[in-house]
Structure formats: C-alpha cells, structure tokens
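Okay, input33.cif is below, mmCIF, C-alpha atoms:
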```cif
data_coords
loop_
_atom_site.label_atom_id
_atom_site.label_comp_id
_atom_site.auth_asym_id
_atom_site.auth_seq_id
_atom_site.Cartn_x
_atom_site.Cartn_y
_atom_site.Cartn_z
CA MET A 1318 -153.37 -166.10 -132.21
CA VAL A 1319 -151.36 -163.34 -133.89
CA SER A 1320 -153.10 -160.90 -136.19
CA ILE A 1321 -151.62 -158.14 -138.30
CA ASP A 1322 -152.42 -154.47 -137.98
CA PRO A 1323 -152.34 -153.11 -141.55
CA THR A 1324 -151.96 -149.49 -140.50
CA VAL A 1325 -148.22 -149.75 -140.93
CA ALA A 1326 -148.87 -148.85 -144.56
CA THR A 1327 -148.37 -145.37 -145.96
CA PRO A 1328 -150.18 -145.18 -149.33
CA ARG A 1329 -148.28 -143.68 -152.22
CA LYS A 1330 -149.70 -140.57 -153.82
CA ARG A 1331 -151.11 -142.36 -156.85
CA LEU A 1332 -153.92 -144.61 -157.89
CA GLN A 1333 -154.25 -148.17 -156.64
CA PRO A 1334 -151.08 -150.02 -157.80
CA ARG A 1335 -151.42 -153.00 -160.09
CA ILE A 1336 -148.80 -155.15 -158.38
CA VAL A 1337 -147.75 -155.52 -154.75
CA SER A 1338 -144.71 -157.69 -154.17
CA VAL A 1339 -142.29 -158.57 -151.41
CA ASN A 1340 -138.78 -159.58 -152.52
CA GLY A 1341 -140.18 -160.57 -155.90
CA VAL A 1342 -143.16 -162.53 -154.52
CA THR A 1343 -146.38 -161.02 -155.85
CA ILE A 1344 -149.41 -160.63 -153.60
CA PRO A 1345 -152.33 -161.72 -155.81
CA ARG A 1346 -154.94 -159.05 -156.43
CA GLU A 1347 -157.62 -161.63 -155.69
CA ALA A 1348 -156.13 -162.18 -152.24
CA ILE A 1349 -156.13 -158.43 -151.57
CA ALA A 1350 -159.73 -158.17 -152.71
CA GLN A 1351 -160.72 -160.97 -150.33
CA GLU A 1352 -158.72 -159.45 -147.45
CA ILE A 1353 -160.49 -156.08 -147.81
CA GLN A 1354 -163.51 -157.40 -145.89
CA ASN A 1355 -161.34 -157.53 -142.76
CA HIS A 1356 -160.32 -153.86 -143.01
CA PRO A 1357 -163.30 -151.49 -143.06
CA ALA A 1358 -162.28 -147.94 -143.94
CA PRO A 1359 -163.88 -144.63 -145.00
CA THR A 1360 -162.83 -145.10 -148.65
CA GLN A 1361 -162.24 -148.03 -150.95
CA PHE A 1362 -158.63 -146.96 -151.50
CA GLU A 1363 -157.93 -146.89 -147.77
CA ALA A 1364 -159.46 -150.33 -147.36
CA TRP A 1365 -157.42 -151.64 -150.28
CA THR A 1366 -154.24 -150.13 -148.84
CA ALA A 1367 -154.89 -151.67 -145.42
CA ALA A 1368 -155.57 -155.09 -146.94
CA ALA A 1369 -152.52 -154.95 -149.21
CA SER A 1370 -150.35 -153.85 -146.29
CA ALA A 1371 -151.56 -156.69 -144.07
CA LEU A 1372 -150.77 -159.28 -146.71
CA ALA A 1373 -147.39 -157.70 -147.52
CA ILE A 1374 -146.40 -157.78 -143.84
CA ARG A 1375 -147.52 -161.38 -143.56
CA GLU A 1376 -145.48 -162.33 -146.61
CA LEU A 1377 -142.46 -160.47 -145.22
CA LEU A 1378 -142.68 -162.40 -141.94
CA LEU A 1379 -143.30 -165.73 -143.64
CA GLN A 1380 -140.23 -165.26 -145.82
CA GLU A 1381 -138.15 -164.55 -142.73
CA ALA A 1382 -139.58 -167.58 -140.94
CA ARG A 1383 -138.63 -169.80 -143.87
CA ARG A 1384 -135.18 -168.23 -144.12
CA LEU A 1385 -134.58 -169.06 -140.46
CA ASP A 1386 -136.13 -172.51 -140.88
CA VAL A 1387 -138.64 -171.84 -138.11
CA ARG A 1388 -140.54 -174.90 -136.91
CA ALA A 1389 -144.09 -174.19 -135.79
CA GLU A 1390 -146.98 -176.21 -134.40
CA PRO A 1391 -150.46 -174.73 -134.96
CA MET A 1392 -152.35 -173.95 -131.75
CA ALA A 1393 -156.05 -173.75 -130.93
CA ASP A 1394 -157.78 -171.12 -128.84
CA ASP A 1395 -160.42 -171.62 -126.15
CA ALA A 1396 -163.16 -171.54 -128.80
CA GLY A 1397 -161.57 -174.41 -130.69
CA ARG A 1398 -160.32 -172.28 -133.60
CA ARG A 1399 -157.04 -173.63 -134.91
CA GLU A 1400 -154.21 -171.65 -136.48
CA THR A 1401 -153.18 -172.20 -140.06
CA ILE A 1402 -149.57 -173.20 -140.58
CA ASP A 1403 -148.79 -169.67 -141.82
CA GLU A 1404 -150.31 -168.14 -138.68
CA ALA A 1405 -148.28 -170.53 -136.56
CA LEU A 1406 -145.09 -169.62 -138.41
CA VAL A 1407 -145.67 -165.89 -137.89
CA ARG A 1408 -146.43 -166.37 -134.19
CA THR A 1409 -143.42 -168.61 -133.63
CA LEU A 1410 -141.09 -166.28 -135.52
CA VAL A 1411 -142.15 -163.34 -133.35
CA GLU A 1412 -141.81 -165.41 -130.17
CA GLN A 1413 -138.30 -166.47 -131.14
CA GLU A 1414 -136.94 -163.26 -132.62
CA VAL A 1415 -138.63 -160.52 -130.60
CA VAL A 1416 -137.53 -161.02 -127.02
CA THR A 1417 -138.58 -158.29 -124.60
CA PRO A 1418 -137.93 -157.74 -120.89
CA THR A 1419 -140.73 -157.88 -118.37
CA ALA A 1420 -141.62 -154.89 -116.23
CA GLY A 1421 -140.05 -154.92 -112.80
CA GLU A 1422 -141.45 -153.89 -109.45
CA GLY A 1423 -140.00 -150.40 -109.70
CA GLU A 1424 -141.41 -149.75 -113.17
CA CYS A 1425 -144.85 -150.96 -112.16
CA ARG A 1426 -144.90 -148.90 -108.99
CA HIS A 1427 -143.76 -145.79 -110.90
CA TYR A 1428 -146.60 -146.24 -113.41
CA TYR A 1429 -149.07 -146.73 -110.56
CA GLU A 1430 -147.94 -143.53 -108.85
CA GLN A 1431 -148.02 -141.54 -112.08
CA ASN A 1432 -151.53 -142.70 -113.03
CA PRO A 1433 -153.54 -142.88 -109.78
CA ARG A 1434 -156.93 -142.21 -111.42
CA ARG A 1435 -156.61 -145.39 -113.46
CA PHE A 1436 -156.58 -147.45 -110.31
CA ARG A 1437 -159.71 -146.35 -108.50
CA SER A 1438 -162.86 -148.34 -108.10
CA PRO A 1439 -165.73 -146.55 -109.87
CA ASP A 1440 -168.22 -144.28 -108.18
CA LEU A 1441 -171.61 -145.91 -107.62
CA PHE A 1442 -174.87 -143.98 -107.77
CA GLU A 1443 -178.37 -144.55 -106.52
CA VAL A 1444 -180.56 -142.80 -109.08
CA SER A 1445 -184.22 -142.12 -109.76
CA HIS A 1446 -185.61 -140.90 -113.06
CA ILE A 1447 -188.74 -140.11 -115.01
CA LEU A 1448 -188.59 -141.14 -118.66
CA ILE A 1449 -190.59 -139.24 -121.25
CA ALA A 1450 -190.27 -141.68 -124.12
CA ALA A 1451 -189.76 -140.76 -127.77
CA ALA A 1452 -188.45 -142.87 -130.65
CA PRO A 1453 -185.02 -141.81 -132.00
CA GLY A 1454 -186.25 -141.09 -135.52
CA ASP A 1455 -189.47 -139.32 -134.62
CA GLY A 1456 -188.57 -135.62 -134.65
CA ASP A 1457 -191.99 -134.32 -133.66
CA ALA A 1458 -192.29 -136.78 -130.79
CA ARG A 1459 -188.86 -135.85 -129.47
CA VAL A 1460 -189.64 -132.13 -129.55
CA ALA A 1461 -192.85 -132.79 -127.62
CA ALA A 1462 -191.08 -135.10 -125.15
CA ARG A 1463 -188.39 -132.54 -124.42
CA ALA A 1464 -191.01 -129.85 -123.82
CA GLU A 1465 -192.95 -132.14 -121.47
CA ALA A 1466 -189.80 -133.03 -119.55
CA GLU A 1467 -188.87 -129.37 -119.16
CA VAL A 1468 -192.31 -128.55 -117.78
CA LEU A 1469 -192.08 -131.40 -115.27
CA ILE A 1470 -188.63 -130.26 -114.18
CA GLU A 1471 -190.00 -126.78 -113.49
CA VAL A 1472 -192.72 -128.30 -111.33
CA LEU A 1473 -190.26 -130.53 -109.46
CA LEU A 1474 -187.82 -127.73 -108.77
CA GLU A 1475 -190.64 -125.99 -106.95
CA THR A 1476 -192.15 -129.11 -105.36
CA PRO A 1477 -189.47 -131.84 -105.27
CA HIS A 1478 -191.59 -133.99 -102.92
CA ARG A 1479 -193.89 -134.75 -105.87
CA PHE A 1480 -191.23 -136.77 -107.72
CA THR A 1481 -192.78 -140.16 -106.95
CA GLU A 1482 -196.27 -138.94 -107.79
CA LEU A 1483 -195.25 -137.46 -111.15
CA CYS A 1484 -193.07 -140.45 -111.95
CA ARG A 1485 -196.00 -142.83 -111.60
CA GLN A 1486 -198.15 -140.54 -113.70
CA PHE A 1487 -195.78 -139.68 -116.57
CA SER A 1488 -192.81 -142.06 -116.73
CA SER A 1489 -192.60 -144.70 -119.48
CA CYS A 1490 -190.01 -146.74 -117.58
CA PRO A 1491 -191.14 -149.77 -115.53
CA SER A 1492 -189.27 -148.20 -112.60
CA ARG A 1493 -192.25 -145.84 -112.21
CA GLU A 1494 -193.77 -148.50 -109.94
CA VAL A 1495 -190.98 -147.85 -107.42
CA GLY A 1496 -190.83 -144.09 -107.80
CA GLY A 1497 -188.36 -144.20 -110.67
CA ASN A 1498 -185.63 -145.77 -108.55
CA LEU A 1499 -183.02 -147.58 -110.65
CA GLY A 1500 -181.11 -148.94 -107.68
CA GLN A 1501 -177.34 -148.73 -107.48
CA ILE A 1502 -175.68 -148.31 -110.84
CA GLY A 1503 -172.08 -148.09 -111.99
CA PRO A 1504 -170.13 -147.57 -115.21
CA GLY A 1505 -171.62 -149.23 -118.29
CA GLN A 1506 -174.97 -150.04 -116.71
CA THR A 1507 -176.84 -147.17 -118.37
CA VAL A 1508 -176.61 -145.35 -121.69
CA PRO A 1509 -173.53 -143.08 -121.95
CA GLU A 1510 -175.54 -139.83 -121.94
CA PHE A 1511 -177.27 -140.80 -118.71
CA GLU A 1512 -174.04 -141.92 -117.08
CA ALA A 1513 -172.21 -138.71 -118.04
CA ALA A 1514 -174.86 -136.59 -116.32
CA LEU A 1515 -174.49 -138.31 -112.96
CA GLY A 1516 -170.96 -137.29 -112.12
CA SER A 1517 -171.68 -133.56 -112.01
CA MET A 1518 -174.92 -133.70 -110.01
CA PRO A 1519 -175.14 -132.80 -106.30
CA ILE A 1520 -176.76 -135.45 -104.14
CA GLY A 1521 -180.51 -135.11 -103.66
CA THR A 1522 -181.00 -132.61 -106.49
CA ILE A 1523 -182.97 -132.79 -109.69
CA ARG A 1524 -181.08 -131.98 -112.86
CA LYS A 1525 -182.27 -128.66 -114.26
CA VAL A 1526 -182.28 -129.88 -117.85
CA PRO A 1527 -183.47 -133.27 -119.13
CA VAL A 1528 -180.96 -135.88 -120.23
CA GLU A 1529 -181.51 -136.94 -123.83
CA SER A 1530 -180.93 -140.56 -124.84
CA ARG A 1531 -182.14 -142.88 -127.58
CA TYR A 1532 -185.09 -143.72 -125.32
CA GLY A 1533 -186.30 -140.16 -124.97
CA PHE A 1534 -185.74 -137.56 -122.23
CA HIS A 1535 -184.91 -138.35 -118.61
CA ILE A 1536 -185.63 -136.26 -115.55
CA VAL A 1537 -182.83 -137.32 -113.23
CA ARG A 1538 -182.30 -137.22 -109.47
CA VAL A 1539 -179.20 -138.59 -107.74
CA ASP A 1540 -180.25 -139.96 -104.36
CA ARG A 1541 -176.87 -141.22 -103.17
CA ARG A 1542 -173.28 -141.49 -104.33
CA GLU A 1543 -170.71 -143.98 -103.06
CA GLU A 1544 -167.28 -142.61 -103.86
CA GLY A 1545 -164.80 -144.92 -105.52
CA ARG A 1546 -161.63 -145.74 -103.59
CA GLN A 1547 -157.99 -145.96 -104.54
CA LEU A 1548 -157.02 -149.58 -105.18
CA PRO A 1549 -153.83 -150.69 -103.42
CA PHE A 1550 -150.78 -151.29 -105.58
CA GLU A 1551 -150.72 -154.98 -104.67
CA ALA A 1552 -154.21 -155.42 -106.12
CA VAL A 1553 -153.25 -154.04 -109.53
CA ARG A 1554 -149.56 -155.01 -109.77
CA ARG A 1555 -150.19 -157.87 -112.21
CA ARG A 1556 -152.49 -155.79 -114.40
CA ILE A 1557 -149.89 -153.00 -114.63
CA GLY A 1558 -147.16 -155.50 -115.44
CA ASP A 1559 -149.21 -157.08 -118.21
CA TYR A 1560 -149.98 -153.67 -119.68
CA LEU A 1561 -146.36 -152.48 -119.63
CA ASP A 1562 -145.11 -155.80 -121.03
CA GLU A 1563 -147.59 -155.61 -123.90
CA ARG A 1564 -146.64 -152.01 -124.65
CA VAL A 1565 -142.95 -152.94 -124.83
CA ARG A 1566 -143.76 -155.99 -126.93
CA ARG A 1567 -145.71 -153.98 -129.49
CA THR A 1568 -142.92 -151.45 -129.79
CA ALA A 1569 -140.36 -154.21 -130.28
CA ILE A 1570 -142.47 -155.91 -132.95
CA ARG A 1571 -142.92 -152.59 -134.71
CA HIS A 1572 -139.14 -152.15 -134.84
CA TYR A 1573 -138.66 -155.73 -136.01
CA ILE A 1574 -141.07 -155.22 -138.90
CA ALA A 1575 -139.32 -151.97 -139.82
CA MET A 1576 -135.95 -153.74 -139.81
CA LEU A 1577 -137.20 -156.51 -142.09
CA ALA A 1578 -138.85 -154.02 -144.43
CA GLY A 1579 -135.69 -151.92 -144.56
CA ARG A 1580 -133.62 -154.78 -145.93
CA SER A 1581 -136.28 -156.02 -148.35
CA VAL A 1582 -137.54 -154.96 -151.76
CA ILE A 1583 -141.22 -154.08 -151.45
CA ASP A 1584 -143.11 -152.79 -154.46
CA GLY A 1585 -146.63 -151.39 -154.77
CA ILE A 1586 -146.95 -150.23 -151.16
CA GLU A 1587 -144.77 -148.56 -148.57
CA LEU A 1588 -144.33 -150.12 -145.15
CA SER A 1589 -143.12 -148.28 -142.07
CA GLY A 1590 -142.60 -149.40 -138.51
CA SER A 1591 -145.46 -147.49 -136.92
CA PRO A 1592 -147.81 -148.24 -135.33
CA SER A 1593 -147.64 -151.78 -133.95
CA PRO A 1594 -147.95 -154.21 -136.84
CA LEU A 1595 -148.88 -157.25 -134.74
CA VAL A 1596 -151.45 -157.33 -131.99
CA GLN A 1597 -153.25 -160.06 -130.14
#
```

Let me see whether you can do it: turn the structure in this file into structure tokens.
Amino acid sequence: MVSIDPTVATPRKRLQPRIVSVNGVTIPREAIAQEIQNHPAPTQFEAWTAAASALAIRELLLQEARRLDVRAEPMADDAGRRETIDEALVRTLVEQEVVTPTAGEGECRHYYEQNPRRFRSPDLFEVSHILIAAAPGDGDARVAARAEAEVLIEVLLETPHRFTELCRQFSSCPSREVGGNLGQIGPGQTVPEFEAALGSMPIGTIRKVPVESRYGFHIVRVDRREEGRQLPFEAVRRRIGDYLDERVRRTAIRHYIAMLAGRSVIDGIELSGSPSPLVQ
C-alpha cells in the first residue's frame, strides 16, 4: 500500500484558505475536514495544512496517472485490506514512473564500514533490583519512595551482601522471591529509564542513586554483562541493501512530486519536494 506524507506542504502566511485546487480541480473542504483525523498536529491549522497537502498530492498523482492512461489492479495486504482504485493508480504510477537503481555490493559494504555501531548485537545484562513502588501521580508517595530508596542504597553501599535480605523485605517486585534477579535482559525488555542506567554501571556494583520509573524507584545492581558482537557483513547485507534502496526510492519520489507540482497550477497550498511525499 502507498500512503502520502503530507509534510511536503509549506503553509502560506495567512489564514486557512477557502479553496484548494490542483489544475482547476477543487479539493472539497468536507474531504479535507475528514482527512484531518489522519494527521494529528499541535495546532488545528497545522493539521488542516497537512490534510489539505495530502489530498492535493493525491489529486496531482491521480491526474498524472489518468493523463498517462495508467492501468492498475487493486491489491490486498496480508491483513486482507484491499486498495481502492485510486490507491492502486497512485501505486502503479509510482512503480512505472519512478525507477531507481538497487544498491550494489560496494555501496552496501561502504555503508557497513562507515556505520559499524549499527551492526552489533546488543549488550545483554543480568540485573537485580529492589523496587520501592509509588504511583506516577502520587507526589507524596514518590517523595517518600525516593527517600526510602536512598536510605537503602546507603546501607547497601556499606553492606552489599545484604542485597537479597533487603530485597525480600522491601521490594514490591515479584522478583524479591529470587533476590531481585530479573534474569538476562536486553534492549526493550525494561522501561527506558531502567535500560539507560545499565550501560554505565560497572559489573557487581550498586548504583549510587535510585533509578526513577513509572513504577517507582529502583535500586539496581548489574551482576553480569555479555558484550554485543560485531555482526558480519554477510549477515546484514540484505538489510543494508533494503535500507539504501528505500532511501533512494524516497528521494526519487520526492523529486517526482516536485516535478509534477512545478508544471501544475496549485492554489490554496504550496507544495515542495521535501521531505519524501510517499512512504510505505
């Protein structure tokens, strides 16, 4: 399925225009109002501009598809959702008119060598914690929980062997039954604040300040770290190729939209070629 990125619009410095048209074809205000729900934005004007832009781009592409007498067959995705004929026309037009090269071996290898950190397996951590729970909206409870966590950290820095004992006594997490051990965890398996704290901690140490999350305050100890490893080029060659091909494709589509807009008469909104107007 092809969808349109409305951010190719640059709003004019005036109030919401009454009429948006592409080569004399008016985009109905009712259609723009309905399209707004698909373009959340900080202000109503920005949402309106995004919606109007999306529909103007679609009209621009549909006019070109009809001019070229494009023949399109609607497709269905894995979920059974079927394209409308207009969606099929836009997709087919882009497939026919925007032809891009695929990334070669040399380009992929160059990208791999220039971005080595993107192609490492993640670090894995074995972590234990003590959770002093406090609800996100309860200010008094969170102040008290932080204070309790700080006191426990002071005790543990002096007597680290008491971690399991204090965990069973004070932690609100079910892991207290196993000394707070969370097992081996990797990216995305804990809340972001907790995950961010792990990378900077020496093995076997207790963090000197509690980690705050929506659950409360965590006293954290990293028991073991398994360093990620560099993935071989052969393992990521296809992923790099797909990424580079998509980047080239989006740039080409952006230029194609700009070319069509440049030779058309568009009123009520300004269209540019940046950023990518069509994305999957």

* Interatomic distance, atom CA of A:Arg1566 to atom CA of A:Leu1379 (Å, one decimal) -> 19.3 Å

* Selection result of the PyMOL selection byres ((chain A and resi 1337) around 6) on this file, as a PyMOL selection string -> chain A and resi 1336+1338+1343-1344+1584-1585

Selection above as a file: C-alpha atoms, as an mmCIF file, in the coordinates of the input:
```
data_model
loop_
_atom_site.group_PDB
_atom_site.id
_atom_site.type_symbol
_atom_site.label_atom_id
_atom_site.label_comp_id
_atom_site.auth_asym_id
_atom_site.auth_seq_id
_atom_site.Cartn_x
_atom_site.Cartn_y
_atom_site.Cartn_z
ATOM 1 C CA ILE A 1336 -148.800 -155.150 -158.380
ATOM 2 C CA SER A 1338 -144.710 -157.690 -154.170
ATOM 3 C CA THR A 1343 -146.380 -161.020 -155.850
ATOM 4 C CA ILE A 1344 -149.410 -160.630 -153.600
ATOM 5 C CA ASP A 1584 -143.110 -152.790 -154.460
ATOM 6 C CA GLY A 1585 -146.630 -151.390 -154.770
#
```

* Asked: When distances are computed from all atoms listed in the file, which of A:Glu1376, A:Asp1394, A:Glu1412, A:Glu1465 shows the smallest separation from A:Pro1527?
  -> A:Glu1465

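Applied to the file shown here, the PyMOL selection byres ((chain A and resi 1454-1459) around 12) selects the residues Ile1449, Ala1450, Ala1451, Ala1452, Pro1453, Val1460, Ala1461, Ala1462, Arg1463, Ala1464, Glu1465, Ala1466, Pro1527, Glu1529, Ser1530, Arg1531, Tyr1532, Gly1533, Phe1534 and His1535 of chain A.
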
Dump as a PDB file, in the coordinates of the input, selection limited to C-alpha atoms:
```pdb
ATOM      1  CA  ILE A1449    -190.590-139.240-121.250  1.00  0.00           C
ATOM      2  CA  ALA A1450    -190.270-141.680-124.120  1.00  0.00           C
ATOM      3  CA  ALA A1451    -189.760-140.760-127.770  1.00  0.00           C
ATOM      4  CA  ALA A1452    -188.450-142.870-130.650  1.00  0.00           C
ATOM      5  CA  PRO A1453    -185.020-141.810-132.000  1.00  0.00           C
ATOM      6  CA  VAL A1460    -189.640-132.130-129.550  1.00  0.00           C
ATOM      7  CA  ALA A1461    -192.850-132.790-127.620  1.00  0.00           C
ATOM      8  CA  ALA A1462    -191.080-135.100-125.150  1.00  0.00           C
ATOM      9  CA  ARG A1463    -188.390-132.540-124.420  1.00  0.00           C
ATOM     10  CA  ALA A1464    -191.010-129.850-123.820  1.00  0.00           C
ATOM     11  CA  GLU A1465    -192.950-132.140-121.470  1.00  0.00           C
ATOM     12  CA  ALA A1466    -189.800-133.030-119.550  1.00  0.00           C
ATOM     13  CA  PRO A1527    -183.470-133.270-119.130  1.00  0.00           C
ATOM     14  CA  GLU A1529    -181.510-136.940-123.830  1.00  0.00           C
ATOM     15  CA  SER A1530    -180.930-140.560-124.840  1.00  0.00           C
ATOM     16  CA  ARG A1531    -182.140-142.880-127.580  1.00  0.00           C
ATOM     17  CA  TYR A1532    -185.090-143.720-125.320  1.00  0.00           C
ATOM     18  CA  GLY A1533    -186.300-140.160-124.970  1.00  0.00           C
ATOM     19  CA  PHE A1534    -185.740-137.560-122.230  1.00  0.00           C
ATOM     20  CA  HIS A1535    -184.910-138.350-118.610  1.00  0.00           C
TER      21      HIS A1535
END
```

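Between atom CA of A:Ile1502 and atom CA of A:Ser1445 the separation is 10.6 Å.
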
* Point-to-point distance from atom CA of A:Glu1512 to atom CA of A:Glu1494, Å rounded to tenths ->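 Between atom CA of A:Glu1512 and atom CA of A:Glu1494 the gap is 22.0 Å.
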
* **Selection under test: the PyMOL selection byres ((chain A and resi 1504) around 10); residues as a list in words** =>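 Applying the expression gives Pro1439, Asp1440, Leu1441, Phe1442, Ile1502, Gly1503, Gly1505, Gln1506, Thr1507, Val1508, Pro1509, Glu1512 and Ala1513 of chain A.
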
* Option closest in space to A:Phe1550, from A:Arg1375, A:Arg1408, A:Arg1567, A:His1427 [counting all atoms listed in the file] ->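 That would be A:His1427, the residue with the smallest distance to A:Phe1550.
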
* Asked: Taking into account all atoms listed in the file, which residue in the set A:Asn1355, A:Arg1398, A:Val1416, A:Glu1363 is nearest to A:Val1565?
  ->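 Result for the nearest residue to A:Val1565: A:Val1416.
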
* Tell me which of A:Gly1579, A:Gly1558, A:Gly1341, A:Gly1500 sits closest to A:Pro1418, counting all atoms listed in the file. => A:Gly1558

* Nearest candidate to A:Val1339 (options A:Leu1588, A:Ile1470, A:Leu1378, A:Ile1583; using only C-alpha atoms) ->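 Checking each of A:Leu1588, A:Ile1470, A:Leu1378, A:Ile1583 against A:Val1339, counting only C-alpha atoms, the winner is A:Ile1583.
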
Using only C-alpha atoms - which residues lie no farther than 12 Å from the point (-152.8, -155.9, -113.0) in the file's frame? Write them as a CSV table (one decimal) with C-alpha atoms, in the coordinates of the input.
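Below you can see selection_35.csv, which holds the result:
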```
chain,number,residue,atom,x,y,z
A,1420,ALA,CA,-141.6,-154.9,-116.2
A,1425,CYS,CA,-144.8,-151.0,-112.2
A,1426,ARG,CA,-144.9,-148.9,-109.0
A,1428,TYR,CA,-146.6,-146.2,-113.4
A,1429,TYR,CA,-149.1,-146.7,-110.6
A,1435,ARG,CA,-156.6,-145.4,-113.5
A,1436,PHE,CA,-156.6,-147.4,-110.3
A,1548,LEU,CA,-157.0,-149.6,-105.2
A,1549,PRO,CA,-153.8,-150.7,-103.4
A,1550,PHE,CA,-150.8,-151.3,-105.6
A,1551,GLU,CA,-150.7,-155.0,-104.7
A,1552,ALA,CA,-154.2,-155.4,-106.1
A,1553,VAL,CA,-153.2,-154.0,-109.5
A,1554,ARG,CA,-149.6,-155.0,-109.8
A,1555,ARG,CA,-150.2,-157.9,-112.2
A,1556,ARG,CA,-152.5,-155.8,-114.4
A,1557,ILE,CA,-149.9,-153.0,-114.6
A,1558,GLY,CA,-147.2,-155.5,-115.4
A,1559,ASP,CA,-149.2,-157.1,-118.2
A,1560,TYR,CA,-150.0,-153.7,-119.7
A,1561,LEU,CA,-146.4,-152.5,-119.6
A,1562,ASP,CA,-145.1,-155.8,-121.0
```

* Asked: Counting only C-alpha atoms, what is within 12 Å of A:Ser1517, bar same-chain residues fewer than 2 positions away, as a ChimeraX atom specification?
  -> /A:1440,1442,1511-1515,1519-1520,1522-1525,1537-1539,1542

* Quick one: residues within 8 Å of A:Cys1490, only C-alpha atoms counted, chain neighbours fewer than 4 positions away excluded, as number ranges by chain? -> A: 1447-1448, 1497

* Name the residues, using the chain letters and numbers of the file, that sit within 6 Å of (-141.4, -156.1, -145.5) when counting only C-alpha atoms, and give them as a list of chain:residue names. =>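 Checking each residue against the 6 Å limit leaves A:Ile1374, A:Leu1377, A:Leu1577, A:Ala1578, A:Ser1581.
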
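Nearest-residue note for A:Val1495: choosing from A:Val1526, A:Val1444, A:Ile1536, A:Val1468, the minimum distance belongs to A:Val1444, counting only C-alpha atoms.
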